[in-house]
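Colleague: As input, take protein-v8.cif (mmCIF, C-alpha atoms):
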```cif
data_work
loop_
_atom_site.group_PDB
_atom_site.id
_atom_site.type_symbol
_atom_site.label_atom_id
_atom_site.label_comp_id
_atom_site.auth_asym_id
_atom_site.auth_seq_id
_atom_site.Cartn_x
_atom_site.Cartn_y
_atom_site.Cartn_z
ATOM 1 C CA MET A 1075 8.895 9.945 -31.180
ATOM 2 C CA SER A 1076 7.777 6.721 -32.843
ATOM 3 C CA PHE A 1077 5.998 3.931 -31.001
ATOM 4 C CA SER A 1078 8.971 1.556 -31.332
ATOM 5 C CA GLU A 1079 11.234 4.229 -29.832
ATOM 6 C CA PHE A 1080 8.747 4.537 -26.980
ATOM 7 C CA LEU A 1081 8.841 0.784 -26.394
ATOM 8 C CA ASP A 1082 12.635 0.743 -26.567
ATOM 9 C CA MET A 1083 12.975 3.274 -23.690
ATOM 10 C CA GLY A 1084 16.393 4.410 -24.909
ATOM 11 C CA GLY A 1085 17.725 0.870 -24.570
ATOM 12 C CA TYR A 1086 16.395 0.379 -21.040
ATOM 13 C CA ALA A 1087 13.200 -1.390 -22.142
ATOM 14 C CA LEU A 1088 13.895 -4.518 -20.080
ATOM 15 C CA TYR A 1089 14.310 -2.601 -16.804
ATOM 16 C CA VAL A 1090 11.609 0.013 -17.299
ATOM 17 C CA TRP A 1091 8.892 -2.330 -18.579
ATOM 18 C CA SER A 1092 9.600 -5.075 -16.084
ATOM 19 C CA SER A 1093 9.320 -2.480 -13.288
ATOM 20 C CA TYR A 1094 5.969 -1.249 -14.579
ATOM 21 C CA GLY A 1095 4.762 -4.769 -15.353
ATOM 22 C CA LEU A 1096 5.668 -6.111 -11.936
ATOM 23 C CA THR A 1097 3.961 -3.150 -10.259
ATOM 24 C CA ALA A 1098 0.806 -3.716 -12.318
ATOM 25 C CA VAL A 1099 0.727 -7.410 -11.379
ATOM 26 C CA VAL A 1100 1.232 -6.749 -7.650
ATOM 27 C CA LEU A 1101 -1.411 -3.992 -7.563
ATOM 28 C CA ILE A 1102 -3.971 -6.091 -9.466
ATOM 29 C CA VAL A 1103 -3.436 -9.184 -7.297
ATOM 30 C CA ASN A 1104 -3.818 -7.003 -4.195
ATOM 31 C CA LEU A 1105 -7.093 -5.709 -5.574
ATOM 32 C CA ALA A 1106 -8.411 -9.174 -6.442
ATOM 33 C CA ILE A 1107 -7.780 -10.580 -2.944
ATOM 34 C CA PRO A 1108 -10.411 -8.577 -0.988
ATOM 35 C CA VAL A 1109 -12.925 -8.803 -3.874
ATOM 36 C CA LEU A 1110 -12.766 -12.616 -3.884
ATOM 37 C CA GLN A 1111 -12.497 -12.792 -0.100
ATOM 38 C CA ARG A 1112 -15.684 -10.792 0.433
ATOM 39 C CA LYS A 1113 -17.615 -13.000 -1.996
ATOM 40 C CA LYS A 1114 -16.396 -16.133 -0.228
ATOM 41 C CA LEU A 1115 -17.125 -14.710 3.239
ATOM 42 C CA LEU A 1116 -20.674 -13.718 2.302
ATOM 43 C CA ALA A 1117 -21.291 -17.135 0.728
ATOM 44 C CA ASP A 1118 -19.929 -18.917 3.820
ATOM 45 C CA ILE A 1119 -22.057 -16.829 6.175
ATOM 46 C CA ALA A 1120 -25.161 -17.375 4.008
ATOM 47 C CA ARG A 1121 -24.574 -21.146 4.029
ATOM 48 C CA ARG A 1122 -24.230 -21.141 7.808
ATOM 49 C CA VAL A 1123 -27.383 -19.068 8.249
ATOM 50 C CA ARG A 1124 -29.362 -21.487 6.060
ATOM 51 C CA ARG A 1125 -28.007 -24.503 7.966
ATOM 52 C CA VAL A 1126 -28.994 -22.985 11.296
ATOM 53 C CA ALA A 1127 -32.436 -22.135 9.890
ATOM 54 C CA ARG A 1128 -33.026 -25.780 8.913
ATOM 55 C CA ILE A 1129 -32.204 -26.964 12.449
ATOM 56 C CA MET B 1027 -17.406 15.492 13.851
ATOM 57 C CA ILE B 1028 -17.962 13.702 17.171
ATOM 58 C CA HIS B 1029 -21.182 12.363 15.722
ATOM 59 C CA PHE B 1030 -19.197 10.987 12.760
ATOM 60 C CA PHE B 1031 -16.738 9.162 15.027
ATOM 61 C CA HIS B 1032 -19.592 7.815 17.097
ATOM 62 C CA GLN B 1033 -21.239 6.374 13.986
ATOM 63 C CA MET B 1034 -17.935 4.932 12.818
ATOM 64 C CA SER B 1035 -17.648 2.944 16.034
ATOM 65 C CA SER B 1036 -20.555 0.867 14.752
ATOM 66 C CA PRO B 1037 -19.125 -1.876 12.499
ATOM 67 C CA ARG B 1038 -22.298 -1.939 10.461
ATOM 68 C CA TYR B 1039 -22.190 1.786 9.754
ATOM 69 C CA PHE B 1040 -18.528 1.569 8.818
ATOM 70 C CA TYR B 1041 -19.216 -1.357 6.488
ATOM 71 C CA ASP B 1042 -21.903 0.597 4.594
ATOM 72 C CA PHE B 1043 -20.012 3.885 4.613
ATOM 73 C CA ALA B 1044 -16.765 2.307 3.326
ATOM 74 C CA GLY B 1045 -18.699 0.443 0.657
ATOM 75 C CA ARG B 1046 -20.138 3.715 -0.636
ATOM 76 C CA LEU B 1047 -16.791 5.526 -0.469
ATOM 77 C CA VAL B 1048 -14.721 2.943 -2.391
ATOM 78 C CA PRO B 1049 -16.044 3.645 -5.940
ATOM 79 C CA TRP B 1050 -15.291 7.380 -5.599
ATOM 80 C CA LEU B 1051 -11.760 6.688 -4.451
ATOM 81 C CA VAL B 1052 -11.281 4.288 -7.373
ATOM 82 C CA ILE B 1053 -12.383 7.008 -9.818
ATOM 83 C CA ALA B 1054 -10.058 9.568 -8.204
ATOM 84 C CA CYS B 1055 -7.194 7.074 -8.337
ATOM 85 C CA VAL B 1056 -7.685 6.392 -12.067
ATOM 86 C CA LEU B 1057 -7.902 10.149 -12.722
ATOM 87 C CA CYS B 1058 -4.435 10.578 -11.207
ATOM 88 C CA LEU B 1059 -2.975 7.352 -12.617
ATOM 89 C CA ILE B 1060 -3.702 7.920 -16.320
ATOM 90 C CA PRO B 1061 -2.178 11.425 -16.655
ATOM 91 C CA GLY B 1062 0.616 10.367 -14.289
ATOM 92 C CA LEU B 1063 1.568 7.435 -16.525
ATOM 93 C CA TYR B 1064 1.210 9.474 -19.715
ATOM 94 C CA LEU B 1065 3.305 12.407 -18.482
ATOM 95 C CA GLY B 1066 5.875 10.121 -16.869
ATOM 96 C CA LEU B 1067 6.357 7.656 -19.703
ATOM 97 C CA VAL B 1068 5.716 9.848 -22.766
ATOM 98 C CA GLU B 1069 5.920 13.587 -22.053
ATOM 99 C CA ALA B 1070 8.768 13.859 -19.544
ATOM 100 C CA PRO B 1071 12.158 14.236 -21.259
ATOM 101 C CA PRO B 1072 14.900 11.621 -20.734
ATOM 102 C CA ASP B 1073 17.312 12.362 -17.898
ATOM 103 C CA TYR B 1074 20.612 13.866 -19.036
ATOM 104 C CA GLN B 1075 22.604 11.299 -17.033
ATOM 105 C CA GLN B 1076 20.360 8.256 -16.762
ATOM 106 C CA GLY B 1077 18.515 8.364 -20.100
ATOM 107 C CA ASP B 1078 15.098 6.713 -20.007
ATOM 108 C CA SER B 1079 15.958 4.320 -17.174
ATOM 109 C CA TYR B 1080 15.062 7.036 -14.649
ATOM 110 C CA ARG B 1081 11.361 6.601 -15.578
ATOM 111 C CA ILE B 1082 11.325 3.845 -12.964
ATOM 112 C CA ILE B 1083 11.326 6.748 -10.469
ATOM 113 C CA PHE B 1084 7.595 7.321 -11.112
ATOM 114 C CA ILE B 1085 6.752 4.047 -9.423
ATOM 115 C CA HIS B 1086 9.831 3.479 -7.287
ATOM 116 C CA VAL B 1087 9.637 6.692 -5.260
ATOM 117 C CA PRO B 1088 5.835 6.675 -4.711
ATOM 118 C CA ALA B 1089 6.065 2.987 -3.687
ATOM 119 C CA ALA B 1090 8.848 3.802 -1.213
ATOM 120 C CA TRP B 1091 6.841 6.740 0.190
ATOM 121 C CA MET B 1092 3.819 4.463 0.574
ATOM 122 C CA SER B 1093 5.894 1.806 2.343
ATOM 123 C CA LEU B 1094 6.720 4.375 5.057
ATOM 124 C CA PHE B 1095 3.308 6.075 5.113
ATOM 125 C CA ILE B 1096 1.390 2.800 5.454
ATOM 126 C CA TYR B 1097 3.729 1.678 8.217
ATOM 127 C CA MET B 1098 2.925 4.844 10.173
ATOM 128 C CA VAL B 1099 -0.811 4.292 9.628
ATOM 129 C CA MET B 1100 -0.466 0.666 10.727
ATOM 130 C CA ALA B 1101 1.523 1.531 13.866
ATOM 131 C CA GLY B 1102 -0.586 4.629 14.624
ATOM 132 C CA SER B 1103 -3.947 2.917 14.350
ATOM 133 C CA GLY B 1104 -2.452 -0.090 16.147
ATOM 134 C CA ALA B 1105 -1.573 2.230 19.047
ATOM 135 C CA ILE B 1106 -5.078 3.754 19.031
ATOM 136 C CA GLY B 1107 -6.560 0.266 19.140
ATOM 137 C CA LEU B 1108 -4.224 -0.693 21.944
ATOM 138 C CA ILE B 1109 -4.892 2.366 24.106
ATOM 139 C CA TRP B 1110 -8.595 3.078 23.530
ATOM 140 C CA ARG B 1111 -9.670 -0.440 22.513
ATOM 141 C CA ILE B 1112 -11.250 0.879 19.324
ATOM 142 C CA LYS B 1113 -12.086 -2.114 17.140
ATOM 143 C CA LEU B 1114 -12.076 -0.161 13.889
ATOM 144 C CA ALA B 1115 -8.503 1.038 14.565
ATOM 145 C CA GLU B 1116 -7.421 -2.585 15.042
ATOM 146 C CA VAL B 1117 -9.092 -3.515 11.764
ATOM 147 C CA ILE B 1118 -7.449 -0.652 9.826
ATOM 148 C CA SER B 1119 -4.082 -1.507 11.331
ATOM 149 C CA ILE B 1120 -4.146 -5.154 10.299
ATOM 150 C CA ALA B 1121 -5.741 -4.426 6.907
ATOM 151 C CA SER B 1122 -2.819 -2.087 6.150
ATOM 152 C CA ALA B 1123 -0.089 -4.675 6.711
ATOM 153 C CA PRO B 1124 -0.285 -6.681 3.450
ATOM 154 C CA ILE B 1125 -0.674 -3.502 1.366
ATOM 155 C CA GLY B 1126 2.351 -1.966 3.039
ATOM 156 C CA ALA B 1127 4.324 -5.155 2.503
ATOM 157 C CA SER B 1128 3.387 -5.075 -1.189
ATOM 158 C CA PHE B 1129 4.577 -1.493 -1.623
ATOM 159 C CA THR B 1130 7.802 -2.253 0.271
ATOM 160 C CA PHE B 1131 8.382 -5.219 -2.032
ATOM 161 C CA LEU B 1132 7.740 -2.996 -5.070
ATOM 162 C CA ALA B 1133 10.117 -0.313 -3.799
ATOM 163 C CA LEU B 1134 12.836 -2.947 -3.391
ATOM 164 C CA ALA B 1135 12.138 -4.733 -6.684
ATOM 165 C CA THR B 1136 11.887 -1.603 -8.849
ATOM 166 C CA GLY B 1137 14.963 -0.226 -7.073
ATOM 167 C CA SER B 1138 16.778 -3.400 -7.993
ATOM 168 C CA LEU B 1139 15.663 -3.079 -11.629
ATOM 169 C CA TRP B 1140 16.948 0.483 -11.588
ATOM 170 C CA GLY B 1141 20.168 -0.349 -9.761
ATOM 171 C CA LYS B 1142 21.244 -2.993 -12.246
ATOM 172 C CA PRO B 1143 21.698 -0.636 -15.245
ATOM 173 C CA MET B 1144 22.793 2.382 -13.128
ATOM 174 C CA TRP B 1145 25.012 0.883 -10.411
ATOM 175 C CA GLY B 1146 25.819 -2.383 -12.168
ATOM 176 C CA ALA B 1147 24.381 -4.488 -9.358
ATOM 177 C CA TRP B 1148 20.916 -5.822 -8.514
ATOM 178 C CA TRP B 1149 21.567 -5.402 -4.821
ATOM 179 C CA VAL B 1150 24.101 -3.742 -2.549
ATOM 180 C CA TRP B 1151 24.135 -3.768 1.253
ATOM 181 C CA ASP B 1152 23.660 -0.023 1.356
ATOM 182 C CA ALA B 1153 22.040 1.564 4.442
ATOM 183 C CA ARG B 1154 18.901 2.649 2.564
ATOM 184 C CA LEU B 1155 18.377 -0.744 0.945
ATOM 185 C CA THR B 1156 19.096 -2.702 4.110
ATOM 186 C CA SER B 1157 16.728 -0.645 6.284
ATOM 187 C CA GLU B 1158 14.001 -0.928 3.630
ATOM 188 C CA LEU B 1159 14.486 -4.712 3.590
ATOM 189 C CA LEU B 1160 14.120 -4.685 7.375
ATOM 190 C CA LEU B 1161 10.817 -2.818 6.867
ATOM 191 C CA LEU B 1162 9.575 -5.674 4.660
ATOM 192 C CA PHE B 1163 10.461 -8.181 7.391
ATOM 193 C CA LEU B 1164 8.630 -6.024 9.961
ATOM 194 C CA TYR B 1165 5.474 -6.083 7.821
ATOM 195 C CA LEU B 1166 5.754 -9.846 7.352
ATOM 196 C CA GLY B 1167 6.374 -10.251 11.084
ATOM 197 C CA VAL B 1168 3.245 -8.245 11.968
ATOM 198 C CA MET B 1169 1.161 -10.320 9.527
ATOM 199 C CA SER B 1170 2.408 -13.693 10.735
ATOM 200 C CA LEU B 1171 2.091 -12.731 14.391
ATOM 201 C CA TYR B 1172 -1.521 -11.675 13.774
ATOM 202 C CA ASN B 1173 -2.291 -14.918 11.944
ATOM 203 C CA ALA B 1174 -0.586 -17.066 14.582
ATOM 204 C CA ILE B 1175 -3.012 -16.050 17.354
ATOM 205 C CA GLU B 1176 -6.523 -17.438 17.273
ATOM 206 C CA ASP B 1177 -8.394 -14.714 19.170
ATOM 207 C CA ARG B 1178 -8.531 -11.693 16.863
ATOM 208 C CA ARG B 1179 -8.469 -9.056 19.570
ATOM 209 C CA THR B 1180 -5.459 -10.595 21.329
ATOM 210 C CA ALA B 1181 -3.804 -11.009 17.923
ATOM 211 C CA SER B 1182 -4.426 -7.318 17.181
ATOM 212 C CA ARG B 1183 -2.788 -6.250 20.422
ATOM 213 C CA ALA B 1184 0.293 -8.401 19.829
ATOM 214 C CA ALA B 1185 0.633 -7.224 16.219
ATOM 215 C CA ALA B 1186 0.205 -3.571 17.298
ATOM 216 C CA ILE B 1187 3.014 -3.857 19.855
ATOM 217 C CA LEU B 1188 5.377 -5.306 17.246
ATOM 218 C CA ALA B 1189 4.374 -2.577 14.768
ATOM 219 C CA ILE B 1190 4.997 0.169 17.353
ATOM 220 C CA VAL B 1191 8.439 -1.208 18.238
ATOM 221 C CA GLY B 1192 9.296 -1.277 14.527
ATOM 222 C CA VAL B 1193 8.631 2.470 14.181
ATOM 223 C CA VAL B 1194 12.283 2.995 15.215
ATOM 224 C CA ASN B 1195 13.196 1.855 11.710
ATOM 225 C CA ILE B 1196 11.241 4.646 9.976
ATOM 226 C CA PRO B 1197 13.589 7.595 10.707
ATOM 227 C CA ILE B 1198 16.527 5.279 9.993
ATOM 228 C CA ILE B 1199 15.169 4.654 6.486
ATOM 229 C CA HIS B 1200 14.400 8.323 5.928
ATOM 230 C CA TYR B 1201 17.768 9.688 7.057
ATOM 231 C CA SER B 1202 19.904 6.741 5.916
ATOM 232 C CA VAL B 1203 21.029 8.579 2.781
ATOM 233 C CA GLU B 1204 22.217 11.505 4.910
ATOM 234 C CA TRP B 1205 23.686 9.673 7.900
ATOM 235 C CA TRP B 1206 25.712 7.211 5.881
ATOM 236 C CA ASN B 1207 27.609 7.907 2.724
ATOM 237 C CA THR B 1208 25.761 5.491 0.503
ATOM 238 C CA LEU B 1209 25.325 4.481 -3.097
ATOM 239 C CA HIS B 1210 21.620 5.362 -2.987
ATOM 240 C CA GLN B 1211 21.053 8.924 -4.195
ATOM 241 C CA GLY B 1212 19.957 11.605 -1.751
ATOM 242 C CA PRO B 1213 16.462 13.095 -1.579
ATOM 243 C CA THR B 1214 15.412 15.182 -4.560
ATOM 244 C CA VAL B 1215 11.860 16.157 -3.637
ATOM 245 C CA THR B 1216 11.545 16.400 0.150
ATOM 246 C CA LYS B 1217 14.320 18.920 0.626
ATOM 247 C CA LEU B 1218 13.573 22.096 2.541
ATOM 248 C CA ASP B 1219 14.839 24.385 -0.208
ATOM 249 C CA LYS B 1220 13.756 24.067 -3.826
ATOM 250 C CA PRO B 1221 13.428 20.461 -4.980
ATOM 251 C CA SER B 1222 16.230 19.558 -7.399
ATOM 252 C CA ILE B 1223 13.898 17.990 -9.924
ATOM 253 C CA HIS B 1224 12.410 19.628 -12.991
ATOM 254 C CA LEU B 1225 8.655 20.325 -13.069
ATOM 255 C CA SER B 1226 8.146 18.066 -16.102
ATOM 256 C CA MET B 1227 9.349 15.193 -13.918
ATOM 257 C CA LEU B 1228 7.941 16.420 -10.598
ATOM 258 C CA ILE B 1229 4.318 16.640 -11.815
ATOM 259 C CA PRO B 1230 4.041 12.995 -12.988
ATOM 260 C CA LEU B 1231 5.851 11.932 -9.815
ATOM 261 C CA LEU B 1232 3.304 13.712 -7.621
ATOM 262 C CA LEU B 1233 0.390 12.392 -9.721
ATOM 263 C CA MET B 1234 1.663 8.835 -9.324
ATOM 264 C CA ALA B 1235 2.155 9.419 -5.599
ATOM 265 C CA ALA B 1236 -1.464 10.634 -5.346
ATOM 266 C CA ALA B 1237 -2.666 7.615 -7.356
ATOM 267 C CA PHE B 1238 -0.815 5.208 -5.034
ATOM 268 C CA LYS B 1239 -2.190 6.959 -1.962
ATOM 269 C CA LEU B 1240 -5.757 6.739 -3.290
ATOM 270 C CA TYR B 1241 -5.149 3.094 -4.228
ATOM 271 C CA TYR B 1242 -4.130 2.414 -0.638
ATOM 272 C CA ALA B 1243 -7.171 4.328 0.635
ATOM 273 C CA PHE B 1244 -9.735 2.229 -1.228
ATOM 274 C CA LEU B 1245 -7.839 -1.022 -0.818
ATOM 275 C CA VAL B 1246 -7.530 -0.629 2.959
ATOM 276 C CA LEU B 1247 -11.283 0.049 3.131
ATOM 277 C CA MET B 1248 -12.006 -3.064 1.038
ATOM 278 C CA ARG B 1249 -9.761 -5.182 3.252
ATOM 279 C CA ALA B 1250 -11.221 -3.634 6.405
ATOM 280 C CA ARG B 1251 -14.738 -4.500 5.206
ATOM 281 C CA CYS B 1252 -13.705 -8.153 4.872
ATOM 282 C CA GLU B 1253 -12.147 -8.111 8.326
ATOM 283 C CA VAL B 1254 -15.307 -6.532 9.807
ATOM 284 C CA LEU B 1255 -17.439 -9.269 8.196
ATOM 285 C CA ARG B 1256 -15.135 -11.948 9.580
ATOM 286 C CA ARG B 1257 -15.266 -10.522 13.089
ATOM 287 C CA GLU B 1258 -18.993 -9.827 13.040
ATOM 288 C CA LYS B 1259 -20.152 -12.988 11.308
ATOM 289 C CA ASN B 1260 -22.376 -13.992 14.226
ATOM 290 C CA SER B 1261 -24.078 -10.628 14.591
ATOM 291 C CA ARG B 1262 -27.631 -9.871 13.567
ATOM 292 C CA TRP B 1263 -26.797 -7.252 10.921
ATOM 293 C CA VAL B 1264 -24.416 -9.534 9.004
ATOM 294 C CA LYS B 1265 -27.053 -12.274 8.902
ATOM 295 C CA ASP B 1266 -29.586 -9.739 7.661
ATOM 296 C CA LEU B 1267 -27.086 -8.580 5.062
ATOM 297 C CA VAL B 1268 -26.642 -12.048 3.542
ATOM 298 C CA GLY B 1269 -30.375 -12.625 3.919
ATOM 299 C CA GLN B 1270 -31.082 -9.680 1.622
ATOM 300 C CA ALA B 1271 -28.511 -10.859 -0.890
ATOM 301 C CA SER B 1272 -29.810 -14.410 -1.268
#
```
For this file, produce the structure as structure tokens.
Modeller:
Amino acid sequence: MSFSEFLDMGGYALYVWSSYGLTAVVLIVNLAIPVLQRKKLLADIARRVRRVARI
Amino acid sequence: MIHFFHQMSSPRYFYDFAGRLVPWLVIACVLCLIPGLYLGLVEAPPDYQQGDSYRIIFIHVPAAWMSLFIYMVMAGSGAIGLIWRIKLAEVISIASAPIGASFTFLALATGSLWGKPMWGAWWVWDARLTSELLLLFLYLGVMSLYNAIEDRRTASRAAAILAIVGVVNIPIIHYSVEWWNTLHQGPTVTKLDKPSIHLSMLIPLLLMAAAFKLYYAFLVLMRARCEVLRREKNSRWVKDLVGQAS
């Protein structure tokens, strides 16, 4: 099987690759959310702790 | 074992433990995902009726399984939180909701992308599809109910009750292809006798299912860690934690 045949998916390229592509996007976005959220939360808490310490 | 559960009731211990567990689950997930994708997309032969379009099965079916599994985890841990007032169960329950909603969305979307070339329609009001759509609305309902209530513990209780009521939908989804004569094909793997799917297709399917399950496992822990931080932001250990970091 050649690479172009693989990409063609027996004529169903549009459906197969958009399914896999969409899944990849959704799974990656889901992964990014808690990573970014934790960073932001820790930064917010650190800022608050410093503010309280000044007072 | 009792000792383990006792430790887990401490948010701080859970936060550390989950943080150490996540990388291992990520590795295990990748180890299932790569061979699963390779065997599913390259090695498995085309289907004699559906050609290569059936390869959508390797994400569609695991995503649909996850949509049901995560719902049961969400409702189950919601019930535990409701009955025994265990904070960690509340956290796991609410952390599961957006992941479950994502998998439900993927099951519907990939099903649609499969239905178009095979059935000739993006969507039909078939019993399986309709009950799965209802599942998506249940997830979204649980999430918006939780976010609508200020106090997190009250919000958890309300969301858990909605999740538990929605459990009625789970057997309806599972048996819909048997109870109603529908366009959606019947089960091929979870039959009591021999599954009517060839090994060369079953193995990548199970690998992808394992990869999705491991993905959920580490993602729910990551989300639960955030939720624990948010709930515990005024406690001593969280302040110490950010103190060490800065």
Colleague: Applied to this file, what does the PyMOL selection byres ((chain A) within 8 of (chain B)) return in terms of residues, put as a list of chain:residue names?
Modeller: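 Evaluating the PyMOL selection byres ((chain A) within 8 of (chain B)) on these coordinates yields A:Phe1080, A:Met1083, A:Gly1084, A:Gly1085, A:Tyr1086, A:Tyr1089, A:Val1090, A:Ser1092, A:Ser1093, A:Tyr1094, A:Leu1096, A:Thr1097, A:Val1100, A:Asn1104, A:Leu1105, A:Pro1108, A:Val1109, A:Gln1111, A:Arg1112, A:Leu1115, A:Leu1116, A:Ala1117, A:Ile1119, A:Ala1120, A:Val1123.
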Colleague: Go ahead and compute the interatomic distance for CA of Ala1123 in chain B and CA of Glu1176 in chain B, in Å to one decimal.
Modeller: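 Rounded to one decimal, the two atoms are 17.8 Å apart.
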Colleague: With all atoms listed in the file as the counted atoms, please give the residues lying no more than 8 Å from Leu1059 in chain B, apart from itself and same-chain residues fewer than 5 positions off, as a list in words.
Modeller: Leu1233, Met1234 and Ala1237 of chain B
Colleague: For the provided coordinates, the residues matched by the PyMOL selection byres ((chain B and resi 1172) around 12) should be stated as a PyMOL selection string.
Modeller: chain B and resi 1104+1116-1117+1119-1121+1123-1124+1165-1171+1173-1189
Colleague: Figure out the distance between CA of Lys1113 in chain B and CA of Val1193 in chain B, please, to one decimal in Å.
Modeller: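 Separation of CA of Val1193 in chain B and CA of Lys1113 in chain B: 21.4 Å.
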